[in-house]
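Asks: I'd like to ask some things about the structure below.
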Amino acid sequence: MNIKRIPIPKIEDPRGNLSVIEKEVVPFEIKRVYYLYDVPAGAERGGHAHIKLQQFLIALSGSFDVILNDGKTEKTVTLNKPFEGLLINEGIWRELKNFSSGSVCLVVASDVFEEKDYIRDFNDFCNSK
């Protein structure tokens with residue numbers, strides 16, 4: 001499956017830790033950044049794949065599960081560390097579930113929003129493989 005956990009540098013300090021996302025961490029040019037928060041208990045996000053877009057997801061606070069499917073295999077990755085991100089390359093179906101209370105998911109993307117890059121129907125996604 002075309003995904004990868006990537007460590008984010010952590011600078012430890014008694015006053016609080018600091019992590020930095022630079023071009024050495026994310027293997028694409030960053031064109032969009034957004035975050036999910038105040039996700040109600042039991043709610044799900046995602047539910048789509050991208051044709052070309054790459055994303056890097058980080059649990060800035062709390063935890064959540066990322067369910068990934070490449071059309072053949074399904075895998076669940078739990079994100080719960082602000083110093084580790086999940087690279088999701090193009091052509092991977094993703095669903096985000098089981099958000100803990102107060103969780104924040106940061107998404108760093110390789111391009112701006114374009115509806116035509118989304119595959120929003122799972123059957124269409126599977127048929128495109």
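Letters A, B, ... mark the chains of the structure tokens in the order given; residue numbers begin at 1 per chain; ligand numbers begin at 1, in order shown.
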Using DSSP on the backbone, list every residue of chain A that comes out as strand (DSSP E or B), and give them as a ChimeraX atom specification.
Replies: /A:3-7,10-11,18-19,32-37,45-50,55-61,64-69,74-79,84-88,93-97,104-109,118-119
Asks: Which residues are close to Val107 (chain A), i.e. within 9 Å by only C-alpha atoms, leaving aside same-chain residues fewer than 3 positions away? Reply as a tab-separated table (two decimals) with N, CA and C atoms, in the first residue's frame.
Replies:
```tsv
chain	number	residue	atom	x	y	z
A	32	ARG	N	-1.50	23.39	0.42
A	32	ARG	CA	-2.72	23.60	1.19
A	32	ARG	C	-2.54	22.95	2.56
A	33	VAL	N	-3.03	23.64	3.59
A	33	VAL	CA	-3.00	23.13	4.95
A	33	VAL	C	-4.38	23.39	5.56
A	34	TYR	N	-4.95	22.35	6.18
A	34	TYR	CA	-6.21	22.53	6.90
A	34	TYR	C	-6.24	21.57	8.08
A	35	TYR	N	-7.21	21.76	8.97
A	35	TYR	CA	-7.29	20.88	10.13
A	35	TYR	C	-8.73	20.60	10.51
A	36	LEU	N	-8.92	19.40	11.06
A	36	LEU	CA	-10.22	18.94	11.51
A	36	LEU	C	-10.23	18.97	13.04
A	55	GLN	N	-1.39	13.56	0.61
A	55	GLN	CA	-1.67	14.20	1.89
A	55	GLN	C	-0.76	13.65	2.97
A	56	PHE	N	-0.50	14.49	3.96
A	56	PHE	CA	0.29	14.14	5.12
A	56	PHE	C	-0.56	14.49	6.33
A	57	LEU	N	-0.99	13.48	7.11
A	57	LEU	CA	-1.88	13.67	8.24
A	57	LEU	C	-1.12	13.56	9.55
A	58	ILE	N	-1.45	14.45	10.50
A	58	ILE	CA	-0.81	14.45	11.81
A	58	ILE	C	-1.89	14.62	12.87
```
Asks: Extract, using only C-alpha atoms, all DNA, RNA and protein residues at most 7 Å from Leu60 (chain A), discarding same-chain residues fewer than 2 positions from it, and format them as a ChimeraX atom specification.
Replies: /A:58,62,81-82,104-106
Asks: When DSSP is applied to the backbone of this structure, which of chain A are assigned alpha helix (DSSP H)? Write them out as a list in words.
Replies: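 Selection result, alpha helix (DSSP H) within chain A: Phe122, Asn123, Asp124, Phe125, Cys126 and Asn127 of chain A.
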Asks: Restricting the calculation to only C-alpha atoms, which member of A:Ser61, A:Asp13, A:Lys72, A:Val26 is positioned closest to Asn127 (chain A)?
Replies: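 Of all the options, A:Lys72 lies closest to Asn127 (chain A).
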